[in-house]
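Take a look at the structure set out below.
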Amino acid sequence: MTVTVLAAALVVAALVMPNTVVRLGPAKFLRLPAEAVVGAAVLLALPRRPRVVLAAVSGVLLGAVTVLNALDMGFNQYLGRSFNVVLDWGLFGDAESYLEDSLGRTATLAAVAGLIVVVLLLFVLLALAVVRLSGLLARHPGTATRGTLVAGVVWITCSSLGLQVAGVPIASDRTATALKVQARRVSDTLKDEAAFRKVARVDAFGNTPGSELVPDLRGKDVIFTFIESYGRSAIEDPVMAPGVDRTLDVRTKALAEAGFHAKSGWLTSATYGGSSWLGHSTTMSGLWISNQQRYRTVMASDHLSLTEAFRKTGAFDTVGVMPGVQKGWPEQKWYGLDKVYNAFQLGYRGPKFSWSTMPDQYALQQYQERVHSKRPAGGRARMSLLILTSSHQPWAPIPKRVDWDRLGDGSVFEGIQAAGNKPADVIADTTRSREEYGKSIQYSVTALTEWLERYGTEDTVLVFLGDHQPIARVSGNHASRDVPVSIVAKDPGMLDKIADWNWTDGLRPAHDAPVWKMSSFRDRFLTAYGSTPHPKRN
């Protein structure tokens, strides 16, 4: 009897399980699932062998739906969206790499093995549970038939009257709804791929000759920098904001004393919590690249990237510094970068800081020594793309600033890394995650602006922004997708060009500063600095 009760509880729990963490609660599992009523009626009508086969298959399918619900929970918490069965399987490799960097290879292998065992066990248990319940129905057909009819009437009554417990409807069709949503998501994904290909073929600056691209930036040293997970929450959340805002104000004042001035606004990112490359490519392409299929489409296209626009002029060398890239990066071609320095080409001999291969301060110093301090051939200017990684989750351990002249090969960070927080301690604690995230943003912003203060010139134009908000555990379940963006320069003419953008003076954008979609930045930037549109339509 106990086993039967547990089997029924497992099946009902799987049928009514929500797909987001915020919807979890006891009331969600005290519901009457329509699928159980219909399933019981069907199983009662079948002979033994078809009944057992259908019960086993139904249990396996219910296991698959449960796994999809769990994946939706995880994706909503970490990426602010549901799992896409067409596009998202490739992200599991990235997730495994992240765990290995954060927790170590042994712990990661144990976690992966444990997860596989749990999933297989779930499928087996649900199949056995449905088979057991179907046998119970067959042994007591009269009672089972009456019970099924009563349950059906109760379900219809509760549904018709909208009866609820603790604000949750008693009548549930959660699994049927989940299957319809998944089917619609697959259909929408396939349609989106075809529609987006058409959108990507249209480019307002696609036929603009190099001579008419960014003429007002000729001779300038233009640097685009993304700060990992630098989101609006860092500036406005009551836990993180005090420290981050103080840092932004201090760094604004320090830059002003060095002759630099800044304007800042907000951009709404195409991604959330992760998948940083979607934010990078959205900013640089002027297209809304919100999933992996769109990303692949753009990377294979000739749609003009903002960085490629500089290369196309023939007046700029183009360089990328990518400390987070640890494998082949074919995207270099689309970005129009003449040279890219990855994690293994910056001479770092210090420790990793969880996922981050090296501290931002070290990466910036290497950029200075290998790129910025060297004059481009032929008297050309330079455009650089930097991706800073020290503020990547799990935000433990966090690097600390050292004297720029002591950076060397990065060995100086050995003691700092060893004395830092352990990732497992921070990952498991929401409050500490928020606090440490804020500290990591302070570190990255300080490193970048100190580099500018130390090495910037009259011709330096720095554009820096976040790629996305941090995960929901840090930013909250209802956070916006906004990220800060700033342009900093000594030459007042560079900021005069964007005066009509109505951005806030300084590094900290005001709460009511303009908010644009991230995909609008490319065209606004090109236009502000004198580029002439020549549309391309394939």
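Scheme for the structure tokens: letters A, B, ... for chains in order shown; per-chain residue numbers from 1; ligand numbers from 1 in order shown.
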
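By chain and then residue number, the residues within 12 Å of Gly74 of chain A are Asn19, Thr20, Val21, Val22, Val67, Leu68, Asn69, Ala70, Tyr78, Leu79, Gly80, Arg81, Ser82, Phe83, Asn84, Phe92, Ala95, Gly273, Ile471, Ala472 and Arg473 of chain A, counting only C-alpha atoms and disregarding those fewer than 4 positions away in sequence.
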
Q. Could you name the residues that touch segment 112-122 of chain A at 12 Å or less, counting only C-alpha atoms, but leaving out those on the same chain fewer than 2 positions away, as a VMD selection string?
A. chain A and resid 7 10 to 11 14 59 to 68 70 to 71 92 to 93 95 to 97 99 to 100 105 to 110 124 to 129

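If you look at atom CA of Gln345 of chain A and atom CA of Val298 of chain A, they are 26.8 Å away from each other.
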
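Non-sequential neighbours of Pro323 of chain A (distance at most 9 Å, separation of 6 or more positions within a chain, only C-alpha atoms) are Tyr341, Asn342, Ala343, Phe344, Gln345, Leu346, Ser356, Thr357, Met358, Asp360, Ala363, Leu386, Ile387, Leu388 and Thr389 of chain A.
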
Proximity check segment 406-495 of chain A to segment 208-225 of chain A, 12 Å, nearest pairs one decimal Å, only C-alpha atoms, as a Markdown table:
```
| residue | atom | partner | partner_atom | distance |
| --- | --- | --- | --- | --- |
| A:Ser444 | CA | A:Thr225 | CA | 11.0 |
| A:Val445 | CA | A:Thr225 | CA | 10.7 |
| A:Leu448 | CA | A:Thr225 | CA | 8.9 |
| A:Thr449 | CA | A:Thr225 | CA | 11.2 |
| A:Leu452 | CA | A:Ile223 | CA | 10.4 |
| A:Tyr455 | CA | A:Asp221 | CA | 11.6 |
| A:Gly456 | CA | A:Asp221 | CA | 9.1 |
| A:Thr457 | CA | A:Asp221 | CA | 8.5 |
| A:Glu458 | CA | A:Lys220 | CA | 8.5 |
| A:Asp459 | CA | A:Lys220 | CA | 4.7 |
| A:Thr460 | CA | A:Asp221 | CA | 4.7 |
| A:Val461 | CA | A:Val222 | CA | 4.8 |
| A:Leu462 | CA | A:Ile223 | CA | 4.8 |
| A:Val463 | CA | A:Phe224 | CA | 4.8 |
| A:Phe464 | CA | A:Thr225 | CA | 4.5 |
| A:Leu465 | CA | A:Thr225 | CA | 6.6 |
| A:Gly466 | CA | A:Thr225 | CA | 8.5 |
| A:Asp467 | CA | A:Thr225 | CA | 9.7 |
| A:Val485 | CA | A:Thr225 | CA | 9.9 |
| A:Ser486 | CA | A:Thr225 | CA | 10.0 |
| A:Ile487 | CA | A:Phe224 | CA | 9.3 |
| A:Val488 | CA | A:Ile223 | CA | 9.9 |
| A:Ala489 | CA | A:Val222 | CA | 9.6 |
| A:Lys490 | CA | A:Lys220 | CA | 11.0 |
| A:Asp491 | CA | A:Lys220 | CA | 9.8 |
| A:Gly493 | CA | A:Asp216 | CA | 9.4 |
| A:Met494 | CA | A:Leu217 | CA | 8.2 |
| A:Leu495 | CA | A:Asp216 | CA | 11.6 |
```

Q.
Counting only C-alpha atoms, which residue out of A:Ala479, A:Leu87, A:Met518, A:Val371 sits closest to Glu236 of chain A?
A. A:Ala479

Q. If you run DSSP on this backbone, which residues of segment 204-449 of chain A come out as strand (DSSP E), and could you give them as a PyMOL selection string?
A. chain A and resi 221-227+261-268+316-321+339-341+381-388

Please produce an output containing N, CA, C and O atoms for each residue in the selection, written as a compact mmCIF listing (two decimals), in the first residue's frame.
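Result written to selection37.txt:
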```txt
# COMPACT_ATOMS: atom_id res chain seq x y z
N ASP A 221 42.02 56.63 -31.31
CA ASP A 221 42.28 55.28 -30.79
C ASP A 221 40.99 54.81 -30.12
O ASP A 221 40.73 55.14 -28.96
N VAL A 222 40.17 54.08 -30.86
CA VAL A 222 38.82 53.72 -30.40
C VAL A 222 38.85 52.33 -29.76
O VAL A 222 39.35 51.37 -30.36
N ILE A 223 38.30 52.24 -28.57
CA ILE A 223 38.33 50.98 -27.81
C ILE A 223 36.91 50.63 -27.37
O ILE A 223 36.26 51.41 -26.65
N PHE A 224 36.42 49.48 -27.81
CA PHE A 224 35.14 48.96 -27.34
C PHE A 224 35.43 47.87 -26.30
O PHE A 224 36.17 46.92 -26.58
N THR A 225 34.84 48.01 -25.12
CA THR A 225 35.10 47.06 -24.03
C THR A 225 33.80 46.58 -23.42
O THR A 225 32.94 47.39 -23.05
N PHE A 226 33.66 45.27 -23.32
CA PHE A 226 32.52 44.67 -22.61
C PHE A 226 32.98 44.21 -21.24
O PHE A 226 34.01 43.54 -21.11
N ILE A 227 32.23 44.56 -20.21
CA ILE A 227 32.48 44.08 -18.85
C ILE A 227 31.45 43.00 -18.55
O ILE A 227 30.24 43.24 -18.61
N HIS A 261 36.28 62.94 -19.73
CA HIS A 261 34.88 63.15 -19.39
C HIS A 261 34.05 62.04 -20.01
O HIS A 261 34.45 61.43 -21.01
N ALA A 262 32.89 61.79 -19.42
CA ALA A 262 32.09 60.64 -19.84
C ALA A 262 30.62 60.99 -19.91
O ALA A 262 30.14 61.90 -19.23
N LYS A 263 29.90 60.23 -20.73
CA LYS A 263 28.44 60.26 -20.77
C LYS A 263 27.95 58.81 -20.75
O LYS A 263 28.57 57.94 -21.37
N SER A 264 26.82 58.59 -20.05
CA SER A 264 26.36 57.22 -19.85
C SER A 264 24.85 57.09 -20.03
O SER A 264 24.09 58.02 -19.73
N GLY A 265 24.43 55.93 -20.50
CA GLY A 265 23.02 55.62 -20.68
C GLY A 265 22.76 54.15 -20.42
O GLY A 265 23.57 53.46 -19.80
N TRP A 266 21.63 53.67 -20.93
CA TRP A 266 21.24 52.27 -20.73
C TRP A 266 20.95 51.61 -22.07
O TRP A 266 20.40 52.23 -22.97
N LEU A 267 21.30 50.34 -22.17
CA LEU A 267 20.93 49.51 -23.31
C LEU A 267 20.23 48.26 -22.80
O LEU A 267 20.65 47.68 -21.80
N THR A 268 19.18 47.84 -23.47
CA THR A 268 18.48 46.61 -23.10
C THR A 268 19.12 45.44 -23.85
O THR A 268 19.07 45.38 -25.08
N PHE A 316 42.23 52.10 -40.10
CA PHE A 316 42.40 51.56 -38.75
C PHE A 316 42.98 50.15 -38.79
O PHE A 316 42.55 49.32 -39.61
N ASP A 317 43.91 49.87 -37.90
CA ASP A 317 44.23 48.49 -37.54
C ASP A 317 43.13 48.03 -36.58
O ASP A 317 42.63 48.81 -35.77
N THR A 318 42.75 46.76 -36.64
CA THR A 318 41.71 46.25 -35.75
C THR A 318 42.25 45.07 -34.96
O THR A 318 42.79 44.12 -35.52
N VAL A 319 42.09 45.14 -33.64
CA VAL A 319 42.67 44.15 -32.74
C VAL A 319 41.64 43.73 -31.70
O VAL A 319 40.85 44.54 -31.22
N GLY A 320 41.67 42.44 -31.34
CA GLY A 320 40.83 41.94 -30.26
C GLY A 320 41.66 41.35 -29.15
O GLY A 320 42.67 40.69 -29.40
N VAL A 321 41.28 41.60 -27.89
CA VAL A 321 41.90 40.97 -26.73
C VAL A 321 40.81 40.20 -26.02
O VAL A 321 39.88 40.78 -25.45
N LYS A 339 43.88 41.01 -35.84
CA LYS A 339 44.64 40.20 -34.90
C LYS A 339 43.81 40.00 -33.64
O LYS A 339 43.15 40.93 -33.17
N VAL A 340 43.85 38.78 -33.10
CA VAL A 340 43.15 38.48 -31.84
C VAL A 340 44.12 37.80 -30.88
O VAL A 340 44.81 36.84 -31.25
N TYR A 341 44.17 38.30 -29.64
CA TYR A 341 44.93 37.66 -28.58
C TYR A 341 43.96 36.88 -27.70
O TYR A 341 43.08 37.47 -27.08
N ALA A 381 45.27 54.63 -37.52
CA ALA A 381 44.73 54.62 -36.16
C ALA A 381 44.44 53.17 -35.77
O ALA A 381 44.75 52.24 -36.51
N ARG A 382 43.79 52.99 -34.61
CA ARG A 382 43.52 51.63 -34.17
C ARG A 382 42.12 51.55 -33.56
O ARG A 382 41.68 52.46 -32.86
N MET A 383 41.46 50.44 -33.84
CA MET A 383 40.19 50.12 -33.17
C MET A 383 40.40 48.79 -32.45
O MET A 383 40.89 47.83 -33.04
N SER A 384 40.06 48.73 -31.16
CA SER A 384 40.27 47.53 -30.37
C SER A 384 38.94 47.06 -29.76
O SER A 384 38.08 47.86 -29.41
N LEU A 385 38.83 45.75 -29.62
CA LEU A 385 37.69 45.13 -28.95
C LEU A 385 38.23 44.30 -27.79
O LEU A 385 39.00 43.37 -28.00
N LEU A 386 37.83 44.66 -26.57
CA LEU A 386 38.29 43.97 -25.36
C LEU A 386 37.09 43.35 -24.65
O LEU A 386 36.05 44.00 -24.49
N ILE A 387 37.24 42.10 -24.21
CA ILE A 387 36.21 41.43 -23.43
C ILE A 387 36.80 41.11 -22.06
O ILE A 387 37.67 40.24 -21.94
N LEU A 388 36.36 41.80 -21.02
CA LEU A 388 36.89 41.60 -19.67
C LEU A 388 36.04 40.56 -18.92
O LEU A 388 34.82 40.54 -19.06
```

Q. Leaving out segment 287-295 of chain A and any residue of its chain fewer than 3 positions from it, which residues lie within 7 Å of it when counting only C-alpha atoms, given as a PyMOL selection string?
A. chain A and resi 87+193+196+270-271+278+281-282+298-299+519

Could you turn the residues from that selection into a file that holds all heavy atoms, as an mmCIF file, in the first residue's frame?
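again.cif, freshly written:
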```cif
data_model
loop_
_atom_site.group_PDB
_atom_site.id
_atom_site.type_symbol
_atom_site.label_atom_id
_atom_site.label_comp_id
_atom_site.auth_asym_id
_atom_site.auth_seq_id
_atom_site.Cartn_x
_atom_site.Cartn_y
_atom_site.Cartn_z
ATOM 1 N N LEU A 87 17.538 24.526 -29.845
ATOM 2 C CA LEU A 87 18.787 25.291 -29.903
ATOM 3 C C LEU A 87 19.739 25.113 -28.728
ATOM 4 O O LEU A 87 20.936 25.394 -28.866
ATOM 5 C CB LEU A 87 18.455 26.796 -30.013
ATOM 6 C CG LEU A 87 17.597 27.233 -31.190
ATOM 7 C CD1 LEU A 87 17.326 28.730 -31.093
ATOM 8 C CD2 LEU A 87 18.282 26.898 -32.508
ATOM 9 N N GLU A 193 13.983 31.237 -37.602
ATOM 10 C CA GLU A 193 15.218 31.075 -38.364
ATOM 11 C C GLU A 193 15.054 31.634 -39.779
ATOM 12 O O GLU A 193 15.902 32.383 -40.264
ATOM 13 C CB GLU A 193 15.606 29.598 -38.428
ATOM 14 C CG GLU A 193 16.865 29.344 -39.231
ATOM 15 C CD GLU A 193 17.221 27.873 -39.292
ATOM 16 O OE1 GLU A 193 16.569 27.059 -38.600
ATOM 17 O OE2 GLU A 193 18.154 27.537 -40.041
ATOM 18 N N PHE A 196 14.478 35.529 -39.631
ATOM 19 C CA PHE A 196 15.654 36.301 -39.267
ATOM 20 C C PHE A 196 16.664 36.363 -40.409
ATOM 21 O O PHE A 196 17.378 37.359 -40.557
ATOM 22 C CB PHE A 196 16.312 35.713 -38.013
ATOM 23 C CG PHE A 196 17.483 36.510 -37.523
ATOM 24 C CD1 PHE A 196 17.287 37.745 -36.926
ATOM 25 C CD2 PHE A 196 18.777 36.043 -37.677
ATOM 26 C CE1 PHE A 196 18.357 38.503 -36.481
ATOM 27 C CE2 PHE A 196 19.860 36.784 -37.232
ATOM 28 C CZ PHE A 196 19.651 38.012 -36.632
ATOM 29 N N ALA A 270 20.102 41.691 -25.328
ATOM 30 C CA ALA A 270 19.376 40.603 -25.976
ATOM 31 C C ALA A 270 19.491 39.300 -25.191
ATOM 32 O O ALA A 270 18.837 38.312 -25.536
ATOM 33 C CB ALA A 270 19.905 40.387 -27.395
ATOM 34 N N THR A 271 20.312 39.297 -24.143
ATOM 35 C CA THR A 271 20.469 38.093 -23.332
ATOM 36 C C THR A 271 20.478 38.472 -21.863
ATOM 37 O O THR A 271 20.494 39.648 -21.510
ATOM 38 C CB THR A 271 21.764 37.342 -23.716
ATOM 39 O OG1 THR A 271 21.825 36.109 -23.009
ATOM 40 C CG2 THR A 271 23.001 38.179 -23.410
ATOM 41 N N LEU A 278 25.934 36.665 -27.269
ATOM 42 C CA LEU A 278 24.729 37.215 -27.883
ATOM 43 C C LEU A 278 24.673 38.728 -27.666
ATOM 44 O O LEU A 278 24.254 39.477 -28.546
ATOM 45 C CB LEU A 278 23.483 36.549 -27.297
ATOM 46 C CG LEU A 278 23.385 35.026 -27.437
ATOM 47 C CD1 LEU A 278 22.077 34.512 -26.853
ATOM 48 C CD2 LEU A 278 23.525 34.597 -28.886
ATOM 49 N N SER A 281 27.476 40.360 -29.980
ATOM 50 C CA SER A 281 27.119 40.401 -31.407
ATOM 51 C C SER A 281 25.915 41.290 -31.666
ATOM 52 O O SER A 281 25.821 41.909 -32.741
ATOM 53 C CB SER A 281 26.861 38.985 -31.931
ATOM 54 O OG SER A 281 25.891 38.313 -31.142
ATOM 55 N N THR A 282 24.990 41.380 -30.709
ATOM 56 C CA THR A 282 23.854 42.290 -30.875
ATOM 57 C C THR A 282 24.342 43.732 -30.938
ATOM 58 O O THR A 282 23.915 44.518 -31.796
ATOM 59 C CB THR A 282 22.853 42.123 -29.719
ATOM 60 O OG1 THR A 282 22.258 40.829 -29.794
ATOM 61 C CG2 THR A 282 21.757 43.176 -29.788
ATOM 62 N N VAL A 298 24.139 35.143 -38.272
ATOM 63 C CA VAL A 298 24.884 36.394 -38.458
ATOM 64 C C VAL A 298 26.366 36.117 -38.675
ATOM 65 O O VAL A 298 27.011 36.739 -39.536
ATOM 66 C CB VAL A 298 24.679 37.330 -37.260
ATOM 67 C CG1 VAL A 298 25.593 38.540 -37.352
ATOM 68 C CG2 VAL A 298 23.232 37.795 -37.201
ATOM 69 N N MET A 299 26.935 35.184 -37.915
ATOM 70 C CA MET A 299 28.361 34.895 -38.060
ATOM 71 C C MET A 299 28.695 34.379 -39.454
ATOM 72 O O MET A 299 29.823 34.550 -39.941
ATOM 73 C CB MET A 299 28.800 33.876 -37.008
ATOM 74 C CG MET A 299 28.817 34.399 -35.586
ATOM 75 S SD MET A 299 29.887 35.838 -35.322
ATOM 76 C CE MET A 299 28.660 37.084 -34.929
ATOM 77 N N SER A 519 20.407 46.529 -29.857
ATOM 78 C CA SER A 519 20.556 46.410 -31.307
ATOM 79 C C SER A 519 20.528 47.756 -32.015
ATOM 80 O O SER A 519 20.873 47.841 -33.199
ATOM 81 C CB SER A 519 19.456 45.510 -31.880
ATOM 82 O OG SER A 519 18.175 45.975 -31.476
#
```

Q: Would you mind writing down, as a PyMOL selection string, each residue of segment 106-274 of chain A that DSSP on the backbone assigns to alpha helix (DSSP H)?
A: chain A and resi 106-139+141-161+174-200+232-236+241-257

Quick one: everything within 12 Å of Arg185 of chain A, counting only C-alpha atoms, minus sequence neighbours fewer than 2 positions away in the same chain. Send it as a CSV table (one decimal) with N, CA, C and O atoms, in the first residue's frame.
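Just written: part-v3.csv:
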```csv
chain,number,residue,atom,x,y,z
A,81,ARG,N,15.1,32.8,-19.4
A,81,ARG,CA,14.2,32.3,-20.4
A,81,ARG,C,14.1,30.8,-20.3
A,81,ARG,O,14.8,30.2,-19.5
A,82,SER,N,13.1,30.3,-21.0
A,82,SER,CA,12.9,28.8,-20.9
A,82,SER,C,13.9,28.1,-21.8
A,82,SER,O,14.5,28.6,-22.7
A,83,PHE,N,14.0,26.8,-21.6
A,83,PHE,CA,14.8,25.9,-22.4
A,83,PHE,C,14.3,25.7,-23.8
A,83,PHE,O,13.1,25.5,-23.9
A,84,ASN,N,15.1,25.8,-24.8
A,84,ASN,CA,14.7,25.6,-26.2
A,84,ASN,C,15.2,24.3,-26.7
A,84,ASN,O,16.4,24.1,-26.8
A,85,VAL,N,14.3,23.3,-26.9
A,85,VAL,CA,14.7,22.0,-27.3
A,85,VAL,C,15.4,21.9,-28.6
A,85,VAL,O,16.0,20.9,-28.9
A,86,VAL,N,15.3,22.9,-29.4
A,86,VAL,CA,15.9,22.9,-30.7
A,86,VAL,C,17.3,23.5,-30.6
A,86,VAL,O,18.3,23.0,-31.3
A,87,LEU,N,17.5,24.5,-29.8
A,87,LEU,CA,18.8,25.3,-29.9
A,87,LEU,C,19.7,25.1,-28.7
A,87,LEU,O,20.9,25.4,-28.9
A,178,ALA,N,2.1,22.3,-20.9
A,178,ALA,CA,3.6,22.2,-21.2
A,178,ALA,C,3.9,21.7,-22.5
A,178,ALA,O,4.8,22.2,-23.2
A,179,LEU,N,3.2,20.6,-22.9
A,179,LEU,CA,3.5,20.0,-24.2
A,179,LEU,C,3.1,20.9,-25.3
A,179,LEU,O,3.8,21.0,-26.4
A,180,LYS,N,2.0,21.6,-25.2
A,180,LYS,CA,1.5,22.6,-26.2
A,180,LYS,C,2.6,23.7,-26.3
A,180,LYS,O,2.9,24.2,-27.4
A,181,VAL,N,3.1,24.2,-25.2
A,181,VAL,CA,4.0,25.3,-25.2
A,181,VAL,C,5.3,24.8,-25.9
A,181,VAL,O,5.9,25.6,-26.7
A,182,GLN,N,5.8,23.6,-25.6
A,182,GLN,CA,7.0,23.1,-26.2
A,182,GLN,C,6.8,23.0,-27.7
A,182,GLN,O,7.7,23.3,-28.5
A,183,ALA,N,5.7,22.5,-28.1
A,183,ALA,CA,5.4,22.3,-29.6
A,183,ALA,C,5.4,23.7,-30.3
A,183,ALA,O,5.9,23.9,-31.4
A,187,SER,N,7.9,25.2,-33.2
A,187,SER,CA,7.4,25.8,-34.4
A,187,SER,C,7.9,27.2,-34.6
A,187,SER,O,8.4,27.6,-35.6
A,188,ASP,N,7.8,28.0,-33.5
A,188,ASP,CA,8.3,29.4,-33.5
A,188,ASP,C,9.8,29.5,-33.8
A,188,ASP,O,10.2,30.4,-34.5
A,189,THR,N,10.6,28.6,-33.3
A,189,THR,CA,12.0,28.6,-33.5
A,189,THR,C,12.3,28.4,-35.0
A,189,THR,O,13.2,29.1,-35.6
A,190,LEU,N,11.6,27.4,-35.6
A,190,LEU,CA,11.9,27.1,-37.0
A,190,LEU,C,11.4,28.2,-37.9
A,190,LEU,O,12.1,28.6,-38.9
A,191,LYS,N,10.3,28.9,-37.5
A,191,LYS,CA,9.9,30.0,-38.3
A,191,LYS,C,10.8,31.2,-38.1
A,191,LYS,O,11.1,32.0,-39.1
A,192,ASP,N,11.3,31.4,-36.9
A,192,ASP,CA,12.2,32.5,-36.6
A,192,ASP,C,13.5,32.4,-37.4
A,192,ASP,O,14.0,33.5,-37.9
```

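One finds atom CA of Lys333 of chain A at 21.3 Å from atom CA of Arg537 of chain A.
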
**Q.** Distance of atom CA of Ala56 of chain A from atom CA of Leu149 of chain A, expressed in Å to one decimal place
**A.** 23.3 Å

Q | Contact residues around Gly243 of chain A with only C-alpha atoms at 10 Å, ignoring same-chain residues under 2 positions, as a VMD selection string | A | chain A and resid 234 to 235 238 to 241 245 to 248 435 438 to 439 441 to 442

Generate the output file for the selected residues, N, CA and C atoms, as a PDB file, in the first residue's frame.
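Contents of the output file again-v2.pdb:
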```pdb
ATOM      1  N   ALA A 234      23.634  46.242 -10.720  1.00  0.00           N
ATOM      2  CA  ALA A 234      24.854  46.644 -10.017  1.00  0.00           C
ATOM      3  C   ALA A 234      24.773  48.088  -9.555  1.00  0.00           C
ATOM      4  N   ILE A 235      24.024  48.901 -10.284  1.00  0.00           N
ATOM      5  CA  ILE A 235      23.945  50.330 -10.006  1.00  0.00           C
ATOM      6  C   ILE A 235      22.707  50.697  -9.191  1.00  0.00           C
ATOM      7  N   PRO A 238      19.786  47.573  -3.947  1.00  0.00           N
ATOM      8  CA  PRO A 238      20.219  48.112  -2.648  1.00  0.00           C
ATOM      9  C   PRO A 238      21.396  47.382  -2.022  1.00  0.00           C
ATOM     10  N   VAL A 239      21.634  46.134  -2.400  1.00  0.00           N
ATOM     11  CA  VAL A 239      22.782  45.405  -1.846  1.00  0.00           C
ATOM     12  C   VAL A 239      24.061  45.772  -2.567  1.00  0.00           C
ATOM     13  N   MET A 240      24.030  45.766  -3.909  1.00  0.00           N
ATOM     14  CA  MET A 240      25.241  46.018  -4.686  1.00  0.00           C
ATOM     15  C   MET A 240      25.509  47.501  -4.941  1.00  0.00           C
ATOM     16  N   ALA A 241      24.453  48.294  -5.065  1.00  0.00           N
ATOM     17  CA  ALA A 241      24.585  49.667  -5.551  1.00  0.00           C
ATOM     18  C   ALA A 241      25.489  50.572  -4.706  1.00  0.00           C
ATOM     19  N   ASP A 245      28.139  52.262  -6.973  1.00  0.00           N
ATOM     20  CA  ASP A 245      27.910  53.680  -7.252  1.00  0.00           C
ATOM     21  C   ASP A 245      29.042  54.550  -6.710  1.00  0.00           C
ATOM     22  N   ARG A 246      29.515  54.196  -5.524  1.00  0.00           N
ATOM     23  CA  ARG A 246      30.641  54.939  -4.962  1.00  0.00           C
ATOM     24  C   ARG A 246      31.875  54.805  -5.859  1.00  0.00           C
ATOM     25  N   THR A 247      32.110  53.601  -6.367  1.00  0.00           N
ATOM     26  CA  THR A 247      33.243  53.382  -7.269  1.00  0.00           C
ATOM     27  C   THR A 247      33.088  54.199  -8.548  1.00  0.00           C
ATOM     28  N   LEU A 248      31.896  54.196  -9.125  1.00  0.00           N
ATOM     29  CA  LEU A 248      31.664  54.945 -10.358  1.00  0.00           C
ATOM     30  C   LEU A 248      31.881  56.444 -10.133  1.00  0.00           C
ATOM     31  N   GLU A 435      26.699  40.195  -2.857  1.00  0.00           N
ATOM     32  CA  GLU A 435      27.766  41.056  -2.347  1.00  0.00           C
ATOM     33  C   GLU A 435      29.038  40.901  -3.180  1.00  0.00           C
ATOM     34  N   GLY A 438      28.846  42.455  -6.644  1.00  0.00           N
ATOM     35  CA  GLY A 438      29.076  43.899  -6.607  1.00  0.00           C
ATOM     36  C   GLY A 438      30.554  44.235  -6.511  1.00  0.00           C
ATOM     37  N   LYS A 439      31.291  43.477  -5.701  1.00  0.00           N
ATOM     38  CA  LYS A 439      32.736  43.713  -5.569  1.00  0.00           C
ATOM     39  C   LYS A 439      33.457  43.438  -6.886  1.00  0.00           C
ATOM     40  N   ILE A 441      32.293  43.818  -9.915  1.00  0.00           N
ATOM     41  CA  ILE A 441      32.044  44.941 -10.823  1.00  0.00           C
ATOM     42  C   ILE A 441      32.923  46.131 -10.426  1.00  0.00           C
ATOM     43  N   GLN A 442      33.040  46.375  -9.132  1.00  0.00           N
ATOM     44  CA  GLN A 442      33.919  47.459  -8.676  1.00  0.00           C
ATOM     45  C   GLN A 442      35.349  47.224  -9.151  1.00  0.00           C
TER      46      GLN A 442
END
```

Q: Do a neighbour search on Pro470 of chain A at 7 Å with only C-alpha atoms, toss out local chain neighbours closer than 2 positions, and write the hits as an MDAnalysis selection string.
A: chainID A and resid 229 231 272:273 468 472 474:475

How would the residues just picked look written out with all heavy atoms as a compact mmCIF listing (two decimals), in the first residue's frame?
```
# COMPACT_ATOMS: atom_id res chain seq x y z
N SER A 229 28.77 40.66 -17.24
CA SER A 229 27.65 40.71 -16.27
C SER A 229 27.45 42.07 -15.61
O SER A 229 26.85 42.16 -14.54
CB SER A 229 27.84 39.64 -15.18
OG SER A 229 27.89 38.36 -15.72
N GLY A 231 25.41 44.78 -15.14
CA GLY A 231 24.01 45.07 -15.41
C GLY A 231 23.48 46.22 -14.57
O GLY A 231 24.13 46.74 -13.66
N TYR A 272 20.45 37.45 -21.01
CA TYR A 272 20.33 37.69 -19.57
C TYR A 272 21.01 36.54 -18.83
O TYR A 272 20.80 35.37 -19.15
CB TYR A 272 18.85 37.74 -19.20
CG TYR A 272 18.56 37.77 -17.71
CD1 TYR A 272 18.47 38.97 -17.04
CD2 TYR A 272 18.36 36.59 -17.00
CE1 TYR A 272 18.19 39.00 -15.67
CE2 TYR A 272 18.09 36.60 -15.64
CZ TYR A 272 18.00 37.82 -14.98
OH TYR A 272 17.73 37.85 -13.63
N GLY A 273 21.85 36.87 -17.87
CA GLY A 273 22.44 35.85 -17.03
C GLY A 273 23.63 35.11 -17.61
O GLY A 273 24.44 34.56 -16.90
N HIS A 468 25.26 41.76 -20.21
CA HIS A 468 23.94 41.31 -19.73
C HIS A 468 23.88 41.48 -18.22
O HIS A 468 24.89 41.70 -17.55
CB HIS A 468 23.70 39.85 -20.11
CG HIS A 468 24.77 38.91 -19.65
ND1 HIS A 468 24.97 38.58 -18.33
CD2 HIS A 468 25.73 38.25 -20.35
CE1 HIS A 468 25.99 37.75 -18.22
NE2 HIS A 468 26.49 37.53 -19.43
N ALA A 472 19.42 35.48 -12.09
CA ALA A 472 18.28 35.90 -11.27
C ALA A 472 18.57 35.81 -9.78
O ALA A 472 18.04 36.60 -8.99
CB ALA A 472 17.05 35.06 -11.63
N VAL A 474 21.01 36.77 -8.30
CA VAL A 474 21.68 38.01 -7.91
C VAL A 474 20.83 39.23 -8.27
O VAL A 474 20.65 40.13 -7.45
CB VAL A 474 23.06 38.11 -8.59
CG1 VAL A 474 23.68 39.48 -8.40
CG2 VAL A 474 23.98 37.03 -8.03
N SER A 475 20.31 39.27 -9.48
CA SER A 475 19.57 40.46 -9.92
C SER A 475 18.09 40.43 -9.55
O SER A 475 17.43 41.46 -9.58
CB SER A 475 19.72 40.63 -11.44
OG SER A 475 19.16 39.52 -12.11
```
